[in-house]
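Novice: Right, I'll just put the structure down here and ask away after.
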Amino acid sequence: SKIEEKLFQDRYRVDSGRPHIRIKDPDHCTECLEKQCTVCCPAGCYTRETNGKVTLVTDGCLECGTCRIICQDSGNLEWEWPRGGFGILFKFG
Ligand code: SF4
């Protein structure tokens, strides 16, 4: 709905063109059997596609670090905190 979109906008500032998490090698994700990121991310940033690929959209990321930990051994994620003023906004009202 429009209201939900507005709430989302107010709580999250997208750093356009500068996602703070990046998949280094998309082919690795295609080959990954578990694809835990697509299940564990509380913000649903990772999508398991029907062709076996994984898409990552960092908009709405809660910066919880779960994906960073579950994908740590593969070394396939480049994970940084968002720049100051971007990302999830913890101040409300
Ligand atoms: Fe999802 Fe947390 Fe990773 Fe952000 S840090 S993409 S919310 S699992």
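The chains in the structure tokens are called A, B, ... from first to last as shown; in each chain the residues are counted from 1, and the ligands are counted from 1 in the order shown.
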Which neighbours of segment 58-70 of chain A fall inside 6 Å, counting only C-alpha atoms, when residues of the same chain fewer than 3 positions from it are skipped, and could you give them as a compact mmCIF listing (two decimals) with C-alpha atoms, in the first residue's frame?
Specialist:
# COMPACT_ATOMS: atom_id res chain seq x y z
CA CYS A 37 20.75 -16.37 2.88
CA ALA A 43 14.54 -8.47 5.56
CA CYS A 45 17.06 -9.21 0.73
Novice: List the spatial neighbours of Ile21 of chain A as a list in words - criterion: any atom at most 8 Å away, only C-alpha atoms, same-chain residues fewer than 6 positions off excluded.
Specialist: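 Result of the neighbour search: Thr58, Leu77, Glu78, Trp79 and Glu80 of chain A.
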Novice: Would you return as a ChimeraX atom specification the members of segment 17-76 of chain A that DSSP assigns to helix (DSSP H, G or I) on this structure's backbone?
Specialist: /A:26-31,37-40,66-70,72-74
Novice: What's around Val14 of chain A at 12 Å? Count only C-alpha atoms, leave out sequence neighbours fewer than 6 positions away in its own chain, and write the answer as an mmCIF file with N, CA, C and O atoms, in the first residue's frame.
Specialist:
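Writing the result to result.cif gives the following:
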data_model
loop_
_atom_site.group_PDB
_atom_site.id
_atom_site.type_symbol
_atom_site.label_atom_id
_atom_site.label_comp_id
_atom_site.auth_asym_id
_atom_site.auth_seq_id
_atom_site.Cartn_x
_atom_site.Cartn_y
_atom_site.Cartn_z
ATOM 1 N N PHE A 8 8.220 2.815 4.843
ATOM 2 C CA PHE A 8 9.482 2.205 4.436
ATOM 3 C C PHE A 8 10.484 3.291 4.057
ATOM 4 O O PHE A 8 11.628 3.262 4.491
ATOM 5 N N HIS A 20 25.748 -1.744 0.198
ATOM 6 C CA HIS A 20 26.806 -2.018 1.194
ATOM 7 C C HIS A 20 27.157 -3.495 1.286
ATOM 8 O O HIS A 20 28.097 -3.861 1.986
ATOM 9 N N VAL A 57 19.067 -7.637 -3.092
ATOM 10 C CA VAL A 57 18.675 -6.228 -3.105
ATOM 11 C C VAL A 57 18.827 -5.741 -1.676
ATOM 12 O O VAL A 57 18.106 -6.182 -0.784
ATOM 13 N N THR A 58 19.786 -4.876 -1.443
ATOM 14 C CA THR A 58 20.112 -4.493 -0.062
ATOM 15 C C THR A 58 19.167 -3.442 0.528
ATOM 16 O O THR A 58 19.238 -3.171 1.723
ATOM 17 N N ASP A 59 18.270 -2.890 -0.289
ATOM 18 C CA ASP A 59 17.304 -1.916 0.238
ATOM 19 C C ASP A 59 16.491 -2.585 1.350
ATOM 20 O O ASP A 59 15.925 -3.642 1.134
ATOM 21 N N GLY A 60 16.436 -1.988 2.498
ATOM 22 C CA GLY A 60 15.661 -2.544 3.601
ATOM 23 C C GLY A 60 16.476 -3.433 4.533
ATOM 24 O O GLY A 60 15.949 -3.923 5.524
ATOM 25 N N CYS A 61 17.740 -3.630 4.220
ATOM 26 C CA CYS A 61 18.628 -4.444 5.063
ATOM 27 C C CYS A 61 18.639 -3.899 6.490
ATOM 28 O O CYS A 61 18.737 -2.694 6.700
ATOM 29 N N PRO A 82 26.688 0.555 5.978
ATOM 30 C CA PRO A 82 26.338 1.650 5.083
ATOM 31 C C PRO A 82 27.064 2.929 5.495
ATOM 32 O O PRO A 82 27.448 3.081 6.656
ATOM 33 N N ARG A 83 27.250 3.818 4.535
ATOM 34 C CA ARG A 83 27.861 5.116 4.854
ATOM 35 C C ARG A 83 26.976 5.845 5.861
ATOM 36 O O ARG A 83 25.772 5.612 5.933
ATOM 37 N N GLY A 84 27.556 6.781 6.596
ATOM 38 C CA GLY A 84 26.787 7.574 7.553
ATOM 39 C C GLY A 84 25.601 8.243 6.880
ATOM 40 O O GLY A 84 25.720 8.782 5.797
ATOM 41 N N GLY A 85 24.443 8.195 7.544
ATOM 42 C CA GLY A 85 23.247 8.836 6.998
ATOM 43 C C GLY A 85 22.452 7.955 6.068
ATOM 44 O O GLY A 85 21.365 8.331 5.632
ATOM 45 N N PHE A 86 22.984 6.748 5.766
ATOM 46 C CA PHE A 86 22.258 5.840 4.887
ATOM 47 C C PHE A 86 21.944 4.553 5.643
ATOM 48 O O PHE A 86 22.491 4.291 6.715
ATOM 49 N N GLY A 87 21.050 3.770 5.038
ATOM 50 C CA GLY A 87 20.690 2.496 5.640
ATOM 51 C C GLY A 87 19.517 2.644 6.576
ATOM 52 O O GLY A 87 18.726 3.580 6.457
ATOM 53 N N ILE A 88 19.421 1.713 7.515
ATOM 54 C CA ILE A 88 18.284 1.703 8.425
ATOM 55 C C ILE A 88 18.410 2.877 9.394
ATOM 56 O O ILE A 88 19.490 3.200 9.871
ATOM 57 N N LEU A 89 17.298 3.540 9.642
ATOM 58 C CA LEU A 89 17.309 4.690 10.543
ATOM 59 C C LEU A 89 16.697 4.262 11.866
ATOM 60 O O LEU A 89 15.551 3.862 11.922
#
Novice: Nearest to ligand 1: which of A:Ile23, A:Asp73, A:Thr50, A:Arg18 is it, counting only C-alpha atoms and all ligand atoms?
Specialist: A:Ile23
Novice: Between atom CA of Tyr46 of chain A and atom 2 (Fe, counted along the ligand's line) of ligand 1, measure the distance and give it in Å to one decimal.
Specialist: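 Pair atom CA of Tyr46 of chain A / atom 2 (Fe, counted along the ligand's line) of ligand 1 returns 9.8 Å.
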Novice: Measuring atom to atom with only C-alpha atoms, identify which of A:Asn76, A:Gln36, A:Ser16, A:Thr30 is nearest to Lys53 of chain A.
Specialist: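 When distances to Lys53 of chain A are compared using only C-alpha atoms, the smallest one comes from A:Thr30.
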Novice: Rank A:Gly17, A:Lys2, A:Gly52, A:Asp25 by their smallest atom-to-atom distance to Ser74 of chain A, using only C-alpha atoms, and report the top residue only.
Specialist: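 Counting only C-alpha atoms, the residue closest to Ser74 of chain A is A:Asp25.
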